[in-house]
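Visitor: Got input_15.pdb for you, PDB, C-alpha atoms:
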```
ATOM      1  CA  MET A  22      -2.578  21.569 -58.779
ATOM      2  CA  THR A  23      -1.082  20.339 -55.549
ATOM      3  CA  PRO A  24      -3.206  19.793 -52.446
ATOM      4  CA  ALA A  25      -0.354  20.952 -50.176
ATOM      5  CA  PRO A  26      -1.006  24.380 -48.649
ATOM      6  CA  ASP A  27       1.138  27.213 -49.934
ATOM      7  CA  PRO A  28       3.652  27.835 -47.123
ATOM      8  CA  ASP A  29       3.895  31.551 -47.798
ATOM      9  CA  GLY A  30       0.134  31.809 -47.749
ATOM     10  CA  ALA A  31       0.087  29.936 -44.449
ATOM     11  CA  ARG A  32       2.504  32.375 -42.844
ATOM     12  CA  ALA A  33       0.778  35.434 -44.210
ATOM     13  CA  SER A  34      -1.009  37.388 -41.540
ATOM     14  CA  HIS A  35      -4.662  38.254 -41.729
ATOM     15  CA  THR A  36      -6.067  41.422 -40.227
ATOM     16  CA  CYS A  37      -9.718  41.830 -39.458
ATOM     17  CA  VAL A  38     -11.310  45.052 -38.233
ATOM     18  CA  LEU A  39     -14.676  44.834 -36.550
ATOM     19  CA  SER A  40     -16.982  46.974 -34.470
ATOM     20  CA  SER A  41     -17.662  46.279 -30.839
ATOM     21  CA  ASP A  42     -21.070  44.662 -30.663
ATOM     22  CA  PRO A  43     -22.032  41.002 -30.283
ATOM     23  CA  LEU A  44     -23.446  40.642 -33.809
ATOM     24  CA  ALA A  45     -20.354  42.230 -35.355
ATOM     25  CA  VAL A  46     -18.202  39.867 -33.272
ATOM     26  CA  ARG A  47     -20.243  36.926 -34.575
ATOM     27  CA  ALA A  48     -19.812  38.097 -38.179
ATOM     28  CA  GLY A  49     -16.102  38.800 -37.627
ATOM     29  CA  LEU A  50     -15.529  35.273 -36.296
ATOM     30  CA  ALA A  51     -17.230  33.820 -39.380
ATOM     31  CA  ARG A  52     -15.082  36.008 -41.647
ATOM     32  CA  MET A  53     -11.876  34.951 -39.871
ATOM     33  CA  ALA A  54     -12.824  31.263 -40.021
ATOM     34  CA  ALA A  55     -13.390  31.471 -43.786
ATOM     35  CA  ASN A  56     -10.028  33.128 -44.517
ATOM     36  CA  ARG A  57      -6.393  32.244 -44.148
ATOM     37  CA  PRO A  58      -4.830  31.383 -41.882
ATOM     38  CA  LEU A  59      -7.804  29.822 -40.055
ATOM     39  CA  SER A  60      -9.100  28.111 -43.182
ATOM     40  CA  LEU A  61      -5.869  26.077 -43.203
ATOM     41  CA  LEU A  62      -6.502  24.579 -39.764
ATOM     42  CA  THR A  63      -8.389  21.419 -38.862
ATOM     43  CA  SER A  64     -11.961  21.951 -37.700
ATOM     44  CA  ASP A  65     -10.905  21.053 -34.156
ATOM     45  CA  GLN A  66      -8.128  23.672 -34.185
ATOM     46  CA  ARG A  67     -10.466  26.234 -35.685
ATOM     47  CA  ALA A  68     -12.986  25.522 -32.920
ATOM     48  CA  THR A  69     -10.347  26.252 -30.268
ATOM     49  CA  VAL A  70      -9.458  29.527 -31.988
ATOM     50  CA  GLU A  71     -13.102  30.494 -32.269
ATOM     51  CA  VAL A  72     -13.727  29.814 -28.559
ATOM     52  CA  VAL A  73     -10.734  31.973 -27.551
ATOM     53  CA  MET A  74     -11.429  34.800 -30.000
ATOM     54  CA  ALA A  75     -15.123  34.945 -29.085
ATOM     55  CA  GLU A  76     -14.220  35.425 -25.406
ATOM     56  CA  VAL A  77     -11.530  38.004 -26.119
ATOM     57  CA  LEU A  78     -13.661  40.043 -28.534
ATOM     58  CA  ASN A  79     -16.831  39.932 -26.460
ATOM     59  CA  ASN A  80     -14.803  41.019 -23.410
ATOM     60  CA  VAL A  81     -13.542  44.039 -25.339
ATOM     61  CA  ALA A  82     -17.067  44.912 -26.490
ATOM     62  CA  GLU A  83     -18.595  44.414 -23.063
ATOM     63  CA  HIS A  84     -15.872  45.869 -20.816
ATOM     64  CA  ALA A  85     -13.357  48.034 -22.709
ATOM     65  CA  TYR A  86     -16.129  49.694 -24.741
ATOM     66  CA  ALA A  87     -18.826  49.031 -22.088
ATOM     67  CA  GLY A  88     -21.354  48.074 -24.753
ATOM     68  CA  GLY A  89     -20.761  51.282 -26.715
ATOM     69  CA  PRO A  90     -19.384  51.723 -30.218
ATOM     70  CA  GLY A  91     -15.716  51.079 -30.915
ATOM     71  CA  LYS A  92     -13.230  49.454 -33.224
ATOM     72  CA  ILE A  93     -11.381  46.194 -32.601
ATOM     73  CA  THR A  94      -8.468  45.077 -34.758
ATOM     74  CA  VAL A  95      -7.405  41.433 -34.865
ATOM     75  CA  THR A  96      -4.240  40.168 -36.527
ATOM     76  CA  LEU A  97      -3.692  36.430 -36.879
ATOM     77  CA  ARG A  98      -0.503  34.759 -38.040
ATOM     78  CA  LEU A  99       0.366  31.114 -38.279
ATOM     79  CA  ASP A 100       3.940  30.299 -37.241
ATOM     80  CA  GLY A 101       5.989  27.553 -35.655
ATOM     81  CA  ALA A 102       4.498  28.068 -32.199
ATOM     82  CA  GLY A 103       0.895  28.012 -33.324
ATOM     83  CA  LEU A 104      -1.465  30.825 -34.107
ATOM     84  CA  SER A 105      -0.137  34.197 -32.971
ATOM     85  CA  CYS A 106      -2.933  36.634 -32.241
ATOM     86  CA  GLN A 107      -2.923  40.341 -31.545
ATOM     87  CA  VAL A 108      -6.040  42.229 -30.548
ATOM     88  CA  THR A 109      -6.109  46.016 -30.161
ATOM     89  CA  ASP A 110      -8.846  48.406 -29.134
ATOM     90  CA  GLU A 111      -9.196  51.983 -27.967
ATOM     91  CA  GLY A 112     -11.518  51.348 -25.047
ATOM     92  CA  THR A 113     -10.840  51.832 -21.345
ATOM     93  CA  PRO A 114      -7.761  50.080 -19.896
ATOM     94  CA  MET A 115      -7.912  46.800 -17.999
ATOM     95  CA  PRO A 116      -8.688  47.384 -14.299
ATOM     96  CA  ALA A 117      -5.364  47.968 -12.455
ATOM     97  CA  GLY A 118      -3.646  47.625 -15.837
ATOM     98  CA  ARG A 119      -3.612  43.838 -15.475
ATOM     99  CA  LEU A 120      -5.339  40.885 -17.087
ATOM    100  CA  PRO A 121      -7.835  38.986 -14.945
ATOM    101  CA  GLU A 122      -6.385  35.869 -13.320
ATOM    102  CA  GLY A 123      -9.013  33.680 -14.915
ATOM    103  CA  LYS A 124      -9.641  31.518 -11.878
ATOM    104  CA  HIS A 125     -12.605  29.240 -12.231
ATOM    105  CA  PRO A 126     -15.673  31.163 -10.981
ATOM    106  CA  VAL A 127     -16.519  28.462  -8.444
ATOM    107  CA  GLN A 128     -13.038  28.549  -6.912
ATOM    108  CA  ARG A 129     -13.333  32.295  -6.788
ATOM    109  CA  ALA A 130     -16.688  32.230  -5.064
ATOM    110  CA  SER A 131     -16.178  29.521  -2.475
ATOM    111  CA  GLU A 132     -14.102  26.638  -1.234
ATOM    112  CA  VAL A 133     -16.446  23.985  -2.582
ATOM    113  CA  ASP A 134     -14.515  21.607  -4.810
ATOM    114  CA  SER A 135     -17.234  19.326  -6.061
ATOM    115  CA  PHE A 136     -19.511  21.141  -8.474
ATOM    116  CA  ALA A 137     -22.084  18.385  -8.429
ATOM    117  CA  ASN A 138     -22.721  19.085  -4.736
ATOM    118  CA  LEU A 139     -22.967  22.848  -5.073
ATOM    119  CA  PRO A 140     -26.248  24.420  -4.003
ATOM    120  CA  LEU A 141     -28.152  25.510  -7.111
ATOM    121  CA  ALA A 142     -27.962  29.171  -6.120
ATOM    122  CA  ASP A 143     -24.147  29.022  -6.044
ATOM    123  CA  LEU A 144     -23.762  27.809  -9.631
ATOM    124  CA  PRO A 145     -21.856  30.414 -11.634
ATOM    125  CA  GLU A 146     -23.539  32.083 -14.612
ATOM    126  CA  GLY A 147     -20.448  34.028 -15.638
ATOM    127  CA  GLY A 148     -16.722  34.348 -15.138
ATOM    128  CA  PHE A 149     -15.891  31.508 -17.533
ATOM    129  CA  GLY A 150     -14.387  33.690 -20.250
ATOM    130  CA  TRP A 151     -10.909  34.401 -18.891
ATOM    131  CA  HIS A 152     -10.734  30.905 -17.456
ATOM    132  CA  MET A 153     -11.122  29.475 -20.967
ATOM    133  CA  ILE A 154      -8.750  32.029 -22.512
ATOM    134  CA  ARG A 155      -6.047  31.105 -19.981
ATOM    135  CA  ARG A 156      -6.613  27.385 -20.502
ATOM    136  CA  LEU A 157      -6.297  27.580 -24.295
ATOM    137  CA  THR A 158      -3.530  30.155 -24.824
ATOM    138  CA  GLU A 159       0.130  30.731 -23.999
ATOM    139  CA  GLY A 160       2.242  33.851 -23.602
ATOM    140  CA  LEU A 161      -0.618  36.232 -22.833
ATOM    141  CA  LEU A 162       0.679  39.790 -22.836
ATOM    142  CA  TYR A 163      -1.262  42.956 -22.183
ATOM    143  CA  SER A 164      -0.039  46.495 -22.614
ATOM    144  CA  ARG A 165      -1.580  49.929 -22.760
ATOM    145  CA  VAL A 166       0.154  52.029 -25.399
ATOM    146  CA  GLY A 167      -0.953  55.503 -26.434
ATOM    147  CA  GLY A 168      -4.618  55.043 -25.598
ATOM    148  CA  GLN A 169      -4.705  51.524 -27.029
ATOM    149  CA  ASN A 170      -5.169  48.198 -25.315
ATOM    150  CA  ARG A 171      -2.907  45.601 -26.889
ATOM    151  CA  LEU A 172      -3.391  41.947 -26.119
ATOM    152  CA  SER A 173      -1.236  39.274 -27.658
ATOM    153  CA  PHE A 174      -1.127  35.531 -27.177
ATOM    154  CA  VAL A 175      -0.400  32.267 -28.938
ATOM    155  CA  ILE A 176      -2.894  29.462 -29.403
ATOM    156  CA  PRO A 177      -0.772  26.296 -29.558
ATOM    157  CA  LEU A 178      -1.907  24.001 -32.354
ATOM    158  CA  GLN A 179      -0.794  20.439 -31.857
ATOM    159  CA  THR A 180      -0.771  18.393 -35.014
ATOM    160  CA  ARG A 181      -2.313  15.068 -34.317
TER     161      ARG A 181
ATOM    162  CA  MET B  12     -33.373  32.425 -31.352
ATOM    163  CA  HIS B  13     -35.678  29.667 -32.528
ATOM    164  CA  LEU B  14     -36.591  26.831 -30.154
ATOM    165  CA  GLN B  15     -38.773  23.867 -31.077
ATOM    166  CA  THR B  16     -40.560  22.012 -28.305
ATOM    167  CA  GLN B  17     -42.084  18.579 -27.915
ATOM    168  CA  THR B  18     -43.986  17.442 -24.839
ATOM    169  CA  ARG B  19     -44.297  13.968 -23.403
ATOM    170  CA  PRO B  20     -45.611  12.878 -20.038
ATOM    171  CA  LYS B  21     -43.474  14.681 -17.425
ATOM    172  CA  LEU B  22     -40.930  15.678 -20.048
ATOM    173  CA  LEU B  23     -40.417  18.736 -22.184
ATOM    174  CA  SER B  24     -37.837  18.504 -24.912
ATOM    175  CA  VAL B  25     -36.468  21.631 -26.495
ATOM    176  CA  LEU B  26     -34.530  21.526 -29.749
ATOM    177  CA  VAL B  27     -32.382  24.602 -30.333
ATOM    178  CA  MET B  28     -32.752  25.444 -34.036
ATOM    179  CA  ASP B  29     -30.042  28.141 -34.103
ATOM    180  CA  ASP B  30     -26.474  27.062 -34.819
ATOM    181  CA  ARG B  31     -25.046  29.091 -31.932
ATOM    182  CA  ILE B  32     -25.837  30.352 -28.454
ATOM    183  CA  ASP B  33     -23.481  33.286 -27.992
ATOM    184  CA  ALA B  34     -23.221  36.793 -26.566
ATOM    185  CA  ALA B  35     -25.639  38.030 -29.237
ATOM    186  CA  SER B  36     -28.367  35.519 -28.412
ATOM    187  CA  ALA B  37     -27.834  34.350 -24.815
ATOM    188  CA  ILE B  38     -30.342  36.705 -23.182
ATOM    189  CA  GLN B  39     -33.033  35.839 -25.709
ATOM    190  CA  PHE B  40     -32.322  32.126 -25.239
ATOM    191  CA  LYS B  41     -32.714  32.441 -21.467
ATOM    192  CA  GLU B  42     -35.971  34.421 -21.763
ATOM    193  CA  LYS B  43     -37.500  32.007 -24.268
ATOM    194  CA  MET B  44     -36.518  29.033 -22.102
ATOM    195  CA  ARG B  45     -38.093  30.705 -19.084
ATOM    196  CA  ASP B  46     -41.381  31.081 -20.999
ATOM    197  CA  LEU B  47     -41.322  27.577 -22.491
ATOM    198  CA  THR B  48     -40.683  25.865 -19.160
ATOM    199  CA  GLN B  49     -43.608  27.545 -17.370
ATOM    200  CA  SER B  50     -45.662  24.388 -18.061
ATOM    201  CA  GLY B  51     -43.852  22.677 -15.189
ATOM    202  CA  GLU B  52     -42.677  19.302 -16.561
ATOM    203  CA  PRO B  53     -40.208  17.797 -14.055
ATOM    204  CA  ARG B  54     -37.661  16.988 -16.780
ATOM    205  CA  VAL B  55     -36.493  19.382 -19.462
ATOM    206  CA  VAL B  56     -34.176  17.967 -22.127
ATOM    207  CA  LEU B  57     -32.266  20.545 -24.138
ATOM    208  CA  ASP B  58     -31.246  19.066 -27.495
ATOM    209  CA  LEU B  59     -28.080  20.842 -28.683
ATOM    210  CA  ALA B  60     -27.549  18.747 -31.836
ATOM    211  CA  ARG B  61     -27.745  21.780 -34.132
ATOM    212  CA  VAL B  62     -25.650  24.086 -31.959
ATOM    213  CA  GLN B  63     -22.171  24.295 -33.423
ATOM    214  CA  PHE B  64     -20.881  27.037 -31.143
ATOM    215  CA  LEU B  65     -21.343  28.083 -27.533
ATOM    216  CA  ASP B  66     -19.455  30.899 -25.791
ATOM    217  CA  SER B  67     -19.268  31.786 -22.097
ATOM    218  CA  SER B  68     -22.437  33.904 -22.357
ATOM    219  CA  GLY B  69     -24.331  30.981 -23.868
ATOM    220  CA  LEU B  70     -22.961  28.625 -21.226
ATOM    221  CA  GLY B  71     -23.982  31.081 -18.492
ATOM    222  CA  ALA B  72     -27.491  31.202 -19.957
ATOM    223  CA  ILE B  73     -27.810  27.398 -19.888
ATOM    224  CA  VAL B  74     -26.666  27.349 -16.243
ATOM    225  CA  ALA B  75     -29.161  30.145 -15.525
ATOM    226  CA  VAL B  76     -31.994  28.037 -16.978
ATOM    227  CA  LYS B  77     -31.000  25.153 -14.699
ATOM    228  CA  LYS B  78     -31.229  27.546 -11.751
ATOM    229  CA  LEU B  79     -34.595  28.904 -12.928
ATOM    230  CA  LEU B  80     -36.033  25.391 -12.928
ATOM    231  CA  GLY B  81     -35.186  25.033  -9.244
ATOM    232  CA  PRO B  82     -34.122  21.993  -7.235
ATOM    233  CA  ASP B  83     -37.194  19.854  -8.014
ATOM    234  CA  ARG B  84     -36.906  19.931 -11.794
ATOM    235  CA  ALA B  85     -34.009  18.759 -13.964
ATOM    236  CA  LEU B  86     -32.388  20.369 -16.979
ATOM    237  CA  GLU B  87     -30.659  17.646 -19.001
ATOM    238  CA  LEU B  88     -28.636  18.073 -22.174
ATOM    239  CA  SER B  89     -28.325  15.924 -25.253
ATOM    240  CA  SER B  90     -26.300  15.671 -28.462
ATOM    241  CA  LEU B  91     -23.382  17.987 -27.736
ATOM    242  CA  THR B  92     -21.371  18.854 -30.851
ATOM    243  CA  PRO B  93     -17.550  18.876 -30.472
ATOM    244  CA  THR B  94     -17.107  22.599 -29.805
ATOM    245  CA  VAL B  95     -19.984  22.729 -27.338
ATOM    246  CA  GLU B  96     -18.631  19.651 -25.549
ATOM    247  CA  LYS B  97     -15.207  21.335 -25.360
ATOM    248  CA  VAL B  98     -16.666  24.422 -23.657
ATOM    249  CA  PHE B  99     -18.533  22.315 -21.084
ATOM    250  CA  ARG B 100     -15.410  20.269 -20.400
ATOM    251  CA  LEU B 101     -13.026  23.254 -20.105
ATOM    252  CA  THR B 102     -15.291  24.966 -17.589
ATOM    253  CA  ARG B 103     -16.151  21.656 -15.846
ATOM    254  CA  MET B 104     -19.804  22.517 -16.191
ATOM    255  CA  ASP B 105     -20.230  19.042 -17.704
ATOM    256  CA  SER B 106     -20.220  17.829 -14.080
ATOM    257  CA  ILE B 107     -23.434  19.642 -13.099
ATOM    258  CA  PHE B 108     -25.625  18.328 -15.939
ATOM    259  CA  THR B 109     -26.856  14.915 -16.978
ATOM    260  CA  ILE B 110     -25.621  14.754 -20.573
ATOM    261  CA  HIS B 111     -27.096  12.219 -23.007
ATOM    262  CA  PRO B 112     -25.203  11.255 -26.170
ATOM    263  CA  THR B 113     -28.352  11.492 -28.289
ATOM    264  CA  HIS B 114     -31.885  12.769 -27.952
ATOM    265  CA  ALA B 115     -33.160   9.176 -28.273
ATOM    266  CA  ALA B 116     -30.949   8.195 -25.322
ATOM    267  CA  ALA B 117     -32.463  11.019 -23.289
ATOM    268  CA  LEU B 118     -35.961   9.731 -24.023
ATOM    269  CA  SER B 119     -35.153   6.079 -23.246
ATOM    270  CA  HIS B 120     -33.507   7.228 -20.024
ATOM    271  CA  ASP B 121     -37.006   8.481 -19.174
ATOM    272  CA  ALA B 122     -38.543   5.098 -19.983
ATOM    273  CA  SER B 123     -36.202   3.295 -17.584
ATOM    274  CA  ALA B 124     -36.708   5.831 -14.799
TER     275      ALA B 124
END
```
Taking this structure as input, can you express it in the form of structure tokens?
Guide:
Amino acid sequence: MTPAPDPDGARASHTCVLSSDPLAVRAGLARMAANRPLSLLTSDQRATVEVVMAEVLNNVAEHAYAGGPGKITVTLRLDGAGLSCQVTDEGTPMPAGRLPEGKHPVQRASEVDSFANLPLADLPEGGFGWHMIRRLTEGLLYSRVGGQNRLSFVIPLQTR
Amino acid sequence: MHLQTQTRPKLLSVLVMDDRIDAASAIQFKEKMRDLTQSGEPRVVLDLARVQFLDSSGLGAIVAVKKLLGPDRALELSSLTPTVEKVFRLTRMDSIFTIHPTHAAALSHDASA
């Protein structure tokens, strides 16, 4: 028995199909974390992936399917660039066919640059999701193909 | 969503027993916190030691609780686990909360106040 990970196993892609509600997203994230390729990552890398995937999947459930039933398919593959992710759903397209810019909600709402001095009422309670996705991913691509939303991106995984 | 509370003079501490505050539990978390903080202590310390995962919905709910408390009461946080700390840092919401490394530090902070 060698402790080194099997390189073919590491490159193998994993596909996970889940339904579009918050509890199914929670269960799907747990299933992905327990399987290859995520099980091969460090806990810190896995945490980054979980943060990104939670935002992406909950956005699909909340916006593309508007809280209704639907199917989301996630394919994950570990390669030289990091973790390549593809997420597809059959919900409504992105508004204007484009991904949100993911500006920080405070910058979007006002010109105030110091959060500590913001009036309580101006503190944002939402709008963090795309900001985090954009901060933690590279090569975000969105397309609408034959009634499907297709989102792909890479989560860079630096080895420390 | 299970929250465990402990009261001290002018301080309510709330230990989150669940291991995540996410899109599935954020609304319930906010509602339970609203009920628990009715007692009016000026400081509320939210102990996140057991919370391994926080998403943007959970973060929004914590910010919402701070707003519910109003300008004369403080919501402070303690014991952020690595993933939770990462989410606060990425969104820069770490700058709007007093964050204590441990629950004990939060309580001694009270003693020196």
Visitor: For CA of Ser89 (chain B) and CA of His114 (chain B), quote the distance in Å rounded to one decimal.
Guide: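 So the two atoms, CA of Ser89 (chain B) and CA of His114 (chain B), lie 5.5 Å apart.
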Visitor: Selected by the ChimeraX specification (/B :<6) & /A in the shown coordinates: which residues, as number ranges by chain?
Guide: A: 43-44, 68, 137, 141, 146-147, 149-150
Visitor: On this structure, the PyMOL selection byres ((chain B and resi 53-59) around 6) would catch which residues? List them as a ChimeraX atom specification, sorted by chain and number.
Guide: /B:21-27,52,60-62,84-91
Visitor: Could you tell me which residues the PyMOL selection byres ((chain A and resi 169) around 9) returns for this structure, as a PyMOL selection string?
Guide: chain A and resi 109-114+164-168+170-171
Visitor: Would you mind exporting C-alpha atoms of the selected residues as an mmCIF file, keeping the file's coordinate frame?
Guide:
```cif
data_model
loop_
_atom_site.group_PDB
_atom_site.id
_atom_site.type_symbol
_atom_site.label_atom_id
_atom_site.label_comp_id
_atom_site.auth_asym_id
_atom_site.auth_seq_id
_atom_site.Cartn_x
_atom_site.Cartn_y
_atom_site.Cartn_z
ATOM 1 C CA THR A 109 -6.109 46.016 -30.161
ATOM 2 C CA ASP A 110 -8.846 48.406 -29.134
ATOM 3 C CA GLU A 111 -9.196 51.983 -27.967
ATOM 4 C CA GLY A 112 -11.518 51.348 -25.047
ATOM 5 C CA THR A 113 -10.840 51.832 -21.345
ATOM 6 C CA PRO A 114 -7.761 50.080 -19.896
ATOM 7 C CA SER A 164 -0.039 46.495 -22.614
ATOM 8 C CA ARG A 165 -1.580 49.929 -22.760
ATOM 9 C CA VAL A 166 0.154 52.029 -25.399
ATOM 10 C CA GLY A 167 -0.953 55.503 -26.434
ATOM 11 C CA GLY A 168 -4.618 55.043 -25.598
ATOM 12 C CA ASN A 170 -5.169 48.198 -25.315
ATOM 13 C CA ARG A 171 -2.907 45.601 -26.889
#
```
Visitor: Rank A:Pro177, A:Ser64, A:Gly49, A:Tyr163 by their smallest atom-to-atom distance to Ala117 (chain A), using only C-alpha atoms, and report the top residue only.
Guide: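 Among A:Pro177, A:Ser64, A:Gly49, A:Tyr163, it is A:Tyr163 that comes nearest to Ala117 (chain A).
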Visitor: Taking 4 positions as the minimum chain separation for residues in the same chain, which residues sit within 12 Å of Thr63 (chain A) when counting only C-alpha atoms? Answer as a compact mmCIF listing (two decimals) with C-alpha atoms, in the frame of the given file.
Guide:
```txt
# COMPACT_ATOMS: atom_id res chain seq x y z
CA ALA A 54 -12.82 31.26 -40.02
CA PRO A 58 -4.83 31.38 -41.88
CA LEU A 59 -7.80 29.82 -40.06
CA ARG A 67 -10.47 26.23 -35.68
CA ALA A 68 -12.99 25.52 -32.92
CA THR A 69 -10.35 26.25 -30.27
CA VAL A 70 -9.46 29.53 -31.99
CA LEU A 178 -1.91 24.00 -32.35
CA GLN A 179 -0.79 20.44 -31.86
CA THR A 180 -0.77 18.39 -35.01
CA ARG A 181 -2.31 15.07 -34.32
```
Visitor: Just the number, please: distance in Å from CA of Ser60 (chain A) to CA of Thr92 (chain B), one decimal.
Guide: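 Distance reported for this atom pair: 19.7 Å.
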